[in-house]
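start.txt (compact mmCIF, C-alpha atoms)
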```txt
# COMPACT_ATOMS: atom_id res chain seq x y z
CA MET A 1 1.71 57.26 29.35
CA ARG A 2 3.85 57.36 26.21
CA GLN A 3 7.02 55.32 26.01
CA TYR A 4 9.93 54.79 23.66
CA ILE A 5 10.56 51.16 22.71
CA SER A 6 14.26 50.45 22.35
CA GLN A 7 15.64 47.59 20.29
CA LYS A 8 18.99 47.79 22.08
CA ASN A 9 20.15 47.76 25.69
CA LEU A 10 21.92 50.52 27.60
CA ASP A 11 25.68 50.72 27.24
CA SER A 12 28.02 49.92 30.14
CA GLU A 13 27.66 53.47 31.50
CA GLY A 14 23.87 53.58 31.34
CA PHE A 15 23.53 55.65 28.17
CA LEU A 16 21.35 55.05 25.10
CA SER A 17 22.09 56.61 21.72
CA ILE A 18 19.09 57.34 19.45
CA ILE A 19 19.43 58.01 15.70
CA GLY A 20 17.44 57.63 12.47
CA LYS A 21 13.66 57.23 12.55
CA ASP A 22 13.66 56.94 16.33
CA TYR A 23 15.42 60.31 16.56
CA ARG A 24 12.68 61.85 14.43
CA TYR A 25 10.00 60.28 16.66
CA LEU A 26 11.52 61.64 19.86
CA HIS A 27 12.54 65.01 18.43
CA ASN A 28 9.69 65.83 16.02
CA VAL A 29 6.72 63.92 17.48
CA LEU A 30 7.36 63.95 21.22
CA ARG A 31 9.36 67.21 20.95
CA LEU A 32 11.85 65.95 23.50
CA LYS A 33 14.16 68.64 24.88
CA THR A 34 17.39 68.44 26.87
CA GLY A 35 16.51 67.60 30.47
CA ASP A 36 13.13 66.06 29.65
CA MET A 37 12.34 62.64 31.13
CA ILE A 38 10.97 59.78 29.04
CA TYR A 39 10.11 56.17 29.82
CA VAL A 40 12.09 53.67 27.74
CA ARG A 41 10.92 50.07 27.31
CA LEU A 42 14.11 47.99 27.10
CA PRO A 43 14.36 44.66 25.20
CA ASP A 44 13.93 42.67 28.45
CA GLY A 45 10.58 44.42 29.13
CA ILE A 46 11.83 46.74 31.88
CA LEU A 47 10.37 50.25 31.77
CA GLN A 48 13.32 52.53 32.48
CA PRO A 49 12.93 56.26 33.26
CA MET A 50 15.61 58.21 31.37
CA THR A 51 16.44 61.82 30.64
CA ALA A 52 17.67 63.47 27.46
CA CYS A 53 21.17 64.61 28.40
CA ARG A 54 22.22 65.73 24.92
CA ILE A 55 20.43 66.48 21.65
CA ASP A 56 22.59 67.00 18.55
CA GLU A 57 20.28 68.38 15.85
CA LYS A 58 23.08 68.58 13.29
CA ALA A 59 24.01 64.91 13.69
CA LYS A 60 20.35 64.00 14.36
CA LYS A 61 21.25 62.15 17.52
CA ILE A 62 19.81 62.04 21.05
CA ILE A 63 21.67 60.67 24.07
CA LEU A 64 19.53 59.36 26.93
CA GLN A 65 20.80 58.54 30.40
CA ILE A 66 19.29 56.79 33.42
CA CYS A 67 17.44 59.15 35.76
CA ASP A 68 19.19 59.79 39.05
CA VAL A 69 16.18 58.82 41.17
CA THR A 70 15.32 56.03 43.61
CA ASP A 71 13.76 52.88 42.18
CA THR A 72 14.40 53.89 38.60
CA GLN A 73 13.34 50.59 37.10
CA ILE A 74 9.64 49.85 36.79
CA GLY A 75 9.19 46.18 35.96
CA GLU A 76 6.18 44.71 34.19
CA ASN A 77 5.40 42.48 37.16
CA GLN A 78 5.28 45.15 39.86
CA PRO A 79 1.83 45.69 41.46
CA SER A 80 -0.47 48.15 39.76
CA GLU A 81 -4.16 48.92 39.50
CA THR A 82 -4.34 46.85 36.31
CA ASP A 83 -2.64 43.69 37.61
CA SER A 84 -5.83 41.64 37.19
CA ILE A 85 -5.81 42.41 33.45
CA GLU A 86 -2.05 42.42 32.84
CA SER A 87 -1.77 38.90 34.28
CA MET A 88 -4.10 37.63 31.54
CA GLU A 89 -2.93 36.85 28.03
CA PHE A 90 -5.38 38.08 25.40
CA THR A 91 -5.41 36.49 21.95
CA LEU A 92 -7.38 37.91 19.03
CA PHE A 93 -8.33 35.43 16.31
CA MET A 94 -9.16 37.78 13.44
CA ALA A 95 -10.89 36.53 10.30
CA LEU A 96 -9.07 38.30 7.49
CA PRO A 97 -10.71 41.55 6.38
CA LYS A 98 -9.43 43.96 3.73
CA SER A 99 -5.75 44.80 4.23
CA SER A 100 -6.48 48.46 5.05
CA LYS A 101 -8.83 47.39 7.84
CA PHE A 102 -6.34 44.85 9.15
CA ASP A 103 -3.80 47.61 9.78
CA LEU A 104 -6.34 49.47 11.93
CA ILE A 105 -7.23 46.29 13.84
CA VAL A 106 -3.55 45.62 14.56
CA ARG A 107 -3.04 49.15 15.88
CA GLN A 108 -6.13 49.09 18.10
CA ALA A 109 -5.50 45.58 19.45
CA THR A 110 -1.91 46.52 20.28
CA GLU A 111 -3.05 49.64 22.14
CA CYS A 112 -5.43 47.43 24.16
CA GLY A 113 -2.59 45.12 25.20
CA VAL A 114 -3.48 42.05 23.11
CA ALA A 115 -0.58 39.58 23.26
CA ARG A 116 -1.23 37.84 19.95
CA ILE A 117 -3.17 38.48 16.77
CA ILE A 118 -3.84 35.34 14.76
CA PRO A 119 -5.12 36.00 11.19
CA VAL A 120 -7.63 33.36 10.07
CA GLN A 121 -8.85 32.59 6.57
CA THR A 122 -12.61 32.01 6.83
CA GLU A 123 -15.52 31.54 4.47
CA PHE A 124 -16.25 35.27 4.21
CA SER A 125 -12.65 36.52 4.20
CA GLN A 126 -11.68 38.82 1.35
CA LYS A 127 -10.04 36.97 -1.53
CA GLY A 128 -6.31 37.62 -1.62
CA SER A 129 -6.18 38.90 1.93
CA GLU A 130 -4.20 35.81 2.98
CA LYS A 131 -1.31 37.19 0.92
CA ILE A 132 -0.74 40.03 3.39
CA ASN A 133 2.84 39.96 4.67
CA PHE A 134 2.20 39.70 8.41
CA ARG A 135 5.92 39.96 9.17
CA SER A 136 6.56 43.07 7.09
CA ASP A 137 8.40 46.11 8.41
CA ARG A 138 5.17 48.07 7.98
CA ILE A 139 3.24 45.81 10.38
CA GLY A 140 6.14 45.90 12.82
CA ARG A 141 6.15 49.69 12.63
CA ILE A 142 2.40 49.85 13.32
CA ILE A 143 2.84 47.72 16.45
CA LYS A 144 5.82 49.72 17.70
CA GLU A 145 4.09 53.07 17.17
CA ALA A 146 0.91 51.80 18.87
CA ARG A 147 2.86 50.58 21.90
CA GLN A 148 4.78 53.84 22.16
CA GLN A 149 1.59 55.89 21.91
CA SER A 150 -0.37 53.80 24.42
CA GLY A 151 2.42 52.77 26.80
CA SER A 152 1.45 49.11 26.50
CA PRO A 153 3.90 46.75 28.28
CA VAL A 154 2.72 43.85 26.10
CA ASP A 155 4.94 42.89 23.16
CA THR A 156 2.15 42.16 20.67
CA LYS A 157 2.93 39.43 18.11
CA ILE A 158 1.27 38.36 14.86
CA THR A 159 1.38 34.79 13.58
CA ASP A 160 1.14 33.60 9.99
CA CYS A 161 -2.33 33.13 8.54
CA LYS A 162 -4.17 29.94 9.47
CA ASN A 163 -7.36 28.27 8.36
CA LEU A 164 -10.19 27.84 10.85
CA THR A 165 -9.27 24.30 11.92
CA GLU A 166 -5.60 25.20 12.38
CA ALA A 167 -6.55 28.21 14.51
CA CYS A 168 -8.88 26.13 16.69
CA GLU A 169 -6.31 23.36 17.12
CA LEU A 170 -3.71 25.95 18.12
CA TRP A 171 -5.97 27.27 20.87
CA GLN A 172 -6.83 23.75 22.01
CA SER A 173 -3.19 22.62 22.18
CA GLU A 174 -2.11 25.72 24.10
CA THR A 175 -4.89 25.53 26.69
CA GLU A 176 -5.51 21.79 27.13
CA ASN A 177 -3.50 21.75 30.37
CA PHE A 178 -5.37 24.72 31.81
CA ALA A 179 -8.37 24.33 34.09
CA GLU A 180 -11.73 25.61 32.84
CA SER A 181 -11.50 28.43 35.39
CA GLU A 182 -8.22 29.57 33.82
CA LYS A 183 -9.41 30.22 30.27
CA ILE A 184 -12.19 31.90 28.28
CA ALA A 185 -12.81 31.67 24.54
CA VAL A 186 -15.63 33.60 22.87
CA VAL A 187 -16.67 34.22 19.29
CA LEU A 188 -18.65 37.28 18.23
CA TYR A 189 -21.78 36.22 16.34
CA GLU A 190 -24.15 38.58 14.55
CA ARG A 191 -27.11 36.25 15.07
CA ASN A 192 -28.62 36.03 18.54
CA GLU A 193 -29.84 32.42 18.58
CA SER A 194 -27.98 30.19 21.04
CA THR A 195 -25.80 33.06 22.18
CA VAL A 196 -25.11 34.75 25.51
CA SER A 197 -23.71 38.14 26.47
CA ILE A 198 -20.03 38.79 27.18
CA ARG A 199 -21.04 39.79 30.71
CA GLN A 200 -22.64 36.39 31.31
CA VAL A 201 -19.55 34.54 30.10
CA CYS A 202 -17.24 36.65 32.27
CA GLU A 203 -19.44 36.51 35.37
CA GLN A 204 -19.59 32.73 35.11
CA ALA A 205 -15.80 32.54 34.69
CA LEU A 206 -15.13 34.84 37.64
CA ALA A 207 -17.59 32.92 39.83
CA GLN A 208 -15.82 29.68 38.93
CA GLU A 209 -12.48 31.34 39.64
CA THR A 210 -13.71 32.38 43.10
CA SER A 211 -14.89 28.87 43.92
CA GLU A 212 -11.52 27.44 42.81
CA LYS A 213 -9.22 29.71 44.79
CA SER A 214 -6.09 28.00 43.50
CA SER A 215 -6.66 29.12 39.90
CA SER A 216 -7.12 32.40 38.10
CA LEU A 217 -7.87 33.46 34.54
CA LYS A 218 -4.77 33.29 32.37
CA LYS A 219 -5.83 32.73 28.76
CA ILE A 220 -8.51 34.86 27.04
CA ALA A 221 -9.43 34.44 23.37
CA LEU A 222 -11.74 36.45 21.14
CA PHE A 223 -12.68 35.30 17.65
CA CYS A 224 -13.99 38.05 15.37
CA GLY A 225 -15.35 37.60 11.86
CA SER A 226 -14.48 39.65 8.78
CA GLU A 227 -16.88 41.59 6.57
CA GLY A 228 -19.93 39.34 6.26
CA GLY A 229 -19.43 37.76 9.68
CA ILE A 230 -19.11 34.06 10.41
CA SER A 231 -21.11 31.25 8.82
CA PRO A 232 -23.29 28.89 10.92
CA ALA A 233 -21.04 25.98 9.92
CA GLU A 234 -17.99 27.82 11.22
CA ILE A 235 -19.78 28.64 14.48
CA GLU A 236 -20.38 24.93 15.00
CA ILE A 237 -16.68 24.18 14.51
CA LEU A 238 -15.68 26.92 16.94
CA GLN A 239 -18.13 25.60 19.54
CA GLU A 240 -16.59 22.14 19.24
CA TYR A 241 -13.29 23.69 20.32
CA GLY A 242 -14.77 25.51 23.29
CA PHE A 243 -15.58 28.95 21.84
CA VAL A 244 -18.79 30.39 23.28
CA PRO A 245 -20.91 32.40 20.79
CA VAL A 246 -21.71 35.86 22.15
CA HIS A 247 -24.00 38.47 20.66
CA LEU A 248 -23.38 42.20 21.08
CA LYS A 249 -26.77 43.82 21.61
CA THR A 250 -25.80 47.07 20.00
CA ASN A 251 -25.75 48.66 16.56
CA ILE A 252 -24.41 46.68 13.61
CA LEU A 253 -20.63 47.02 13.86
CA ARG A 254 -17.96 46.90 11.19
CA CYS A 255 -15.43 44.11 11.74
CA GLU A 256 -12.68 46.53 12.81
CA THR A 257 -15.06 48.13 15.33
CA ALA A 258 -16.35 44.76 16.56
CA ALA A 259 -12.83 43.53 17.32
CA LEU A 260 -12.04 46.60 19.42
CA TYR A 261 -15.47 46.55 21.10
CA GLY A 262 -15.14 42.86 21.96
CA ILE A 263 -11.66 43.18 23.43
CA SER A 264 -12.70 46.21 25.48
CA ALA A 265 -15.87 44.51 26.72
CA LEU A 266 -13.89 41.47 27.87
CA GLN A 267 -11.29 43.57 29.66
CA ILE A 268 -13.87 45.74 31.42
CA SER A 269 -15.96 42.73 32.44
CA LEU A 270 -12.92 40.89 33.81
CA CYS A 271 -11.31 43.85 35.57
CA ARG A 272 -11.69 43.65 39.36
```

Would you mind writing the file out in structure tokens?
Amino acid sequence: MRQYISQKNLDSEGFLSIIGKDYRYLHNVLRLKTGDMIYVRLPDGILQPMTACRIDEKAKKIILQICDVTDTQIGENQPSETDSIESMEFTLFMALPKSSKFDLIVRQATECGVARIIPVQTEFSQKGSEKINFRSDRIGRIIKEARQQSGSPVDTKITDCKNLTEACELWQSETENFAESEKIAVVLYERNESTVSIRQVCEQALAQETSEKSSSLKKIALFCGSEGGISPAEIEILQEYGFVPVHLKTNILRCETAALYGISALQISLCR
């Protein structure tokens, strides 16, 4: 389901005025016509069904109004078939690849509903890649377009670049008060020694969750290497901070493919 992500709230009468680039998206990409309904994600996260009541092509302006239907607001926390996944916060720790590949990773992770992408400078990261402006308008535009295309309710964020220790300490500090049954952290490793499958990690976590009925999985982290993978020394550091090395028994994957594959595998394995 596509959606339009609004940076502003409805006016006092329930109308929303769309101009500029957003007008072009609705008019030229979605080909919105007068009377058409569209879902609008408001700044507070509410998904609001609205209709196009007026389209002024000369002024390049679209006026949306709230649909006159029962239960028009669809909140993020209402029950759905994907509640078991939407209640989990997914974090992607991404070792910095080439900038062109990073853009693709951001788009795909956003479409999958990843809450945070944390760029990490590692041993095999491309030189100069840490200079990427992670708060640029371009990155923000990629995230917005990906959310609108996919309908993701998750407001994906990107942090500044961190080194490996900083990234690990961030994860540790944010999850130290969570029970073991409430968190999972895995790192994709191209070697298969001392590794397990994603399915094994998830089955163990879900079994532990079942035995501890008071808790449920809340924090999920995936660490993915850049071109060249992750060094054995870095794997040891990650293990010290609770990341479990997993090996994907498939073809050799590019880093941008591995990130998407890993996120998808975790979500499918954890979906109940």

Sorted by chain and rising residue number, which residues of segment 120-209 of chain A lie within 7 Å of segment 237-252 of chain A, and what are their closest atom pairs and distances in Å to one decimal, counting all atoms listed in the file, as CSV?
```
residue,atom,partner,partner_atom,distance
A:Cys168,CA,A:Tyr241,CA,6.2
A:Gln172,CA,A:Tyr241,CA,6.7
A:Ala185,CA,A:Phe243,CA,4.7
A:Val186,CA,A:Val244,CA,4.5
A:Val187,CA,A:Pro245,CA,4.9
A:Leu188,CA,A:Val246,CA,5.2
A:Tyr189,CA,A:His247,CA,5.4
A:Glu190,CA,A:His247,CA,6.1
A:Arg191,CA,A:His247,CA,6.8
A:Asn192,CA,A:His247,CA,5.6
A:Thr195,CA,A:Val246,CA,5.0
A:Val196,CA,A:Val246,CA,4.9
A:Ser197,CA,A:Val246,CA,5.3
A:Ile198,CA,A:Val246,CA,6.1
```

Keeping only C-alpha atoms, write the selected residues as a PDB file, in the coordinates of the input.
```pdb
ATOM      1  CA  CYS A 168      -8.880  26.130  16.690  1.00  0.00           C
ATOM      2  CA  GLN A 172      -6.830  23.750  22.010  1.00  0.00           C
ATOM      3  CA  ALA A 185     -12.810  31.670  24.540  1.00  0.00           C
ATOM      4  CA  VAL A 186     -15.630  33.600  22.870  1.00  0.00           C
ATOM      5  CA  VAL A 187     -16.670  34.220  19.290  1.00  0.00           C
ATOM      6  CA  LEU A 188     -18.650  37.280  18.230  1.00  0.00           C
ATOM      7  CA  TYR A 189     -21.780  36.220  16.340  1.00  0.00           C
ATOM      8  CA  GLU A 190     -24.150  38.580  14.550  1.00  0.00           C
ATOM      9  CA  ARG A 191     -27.110  36.250  15.070  1.00  0.00           C
ATOM     10  CA  ASN A 192     -28.620  36.030  18.540  1.00  0.00           C
ATOM     11  CA  THR A 195     -25.800  33.060  22.180  1.00  0.00           C
ATOM     12  CA  VAL A 196     -25.110  34.750  25.510  1.00  0.00           C
ATOM     13  CA  SER A 197     -23.710  38.140  26.470  1.00  0.00           C
ATOM     14  CA  ILE A 198     -20.030  38.790  27.180  1.00  0.00           C
TER      15      ILE A 198
END
```

- [ ] Pick out the residues sitting within 10 Å of Ile268 of chain A, and hand them over as a ChimeraX atom specification; count all atoms listed in the file, and ignore anything fewer than 5 positions along from it in its own chain.
- [x] /A:85,199,202,262-263

Writer output for current selection, C-alpha atoms, as a PDB file, in the frame of the given file:
```pdb
ATOM      1  CA  ILE A  85      -5.810  42.410  33.450  1.00  0.00           C
ATOM      2  CA  ARG A 199     -21.040  39.790  30.710  1.00  0.00           C
ATOM      3  CA  CYS A 202     -17.240  36.650  32.270  1.00  0.00           C
ATOM      4  CA  GLY A 262     -15.140  42.860  21.960  1.00  0.00           C
ATOM      5  CA  ILE A 263     -11.660  43.180  23.430  1.00  0.00           C
TER       6      ILE A 263
END
```

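Relative to atom CA of Glu57 of chain A, atom CA of Tyr23 of chain A is found at 9.4 Å.
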
- [ ] Choose the residue, out of A:Leu253, A:Ile117, A:Ala221, A:Ala52, that has the smallest atom-to-atom separation from Ile143 of chain A; count all atoms listed in the file.
- [x] A:Ile117

Task: For atom CA of Leu164 of chain A and atom CA of Ile184 of chain A, the interatomic separation in Å (one decimal) - done: 18.0 Å
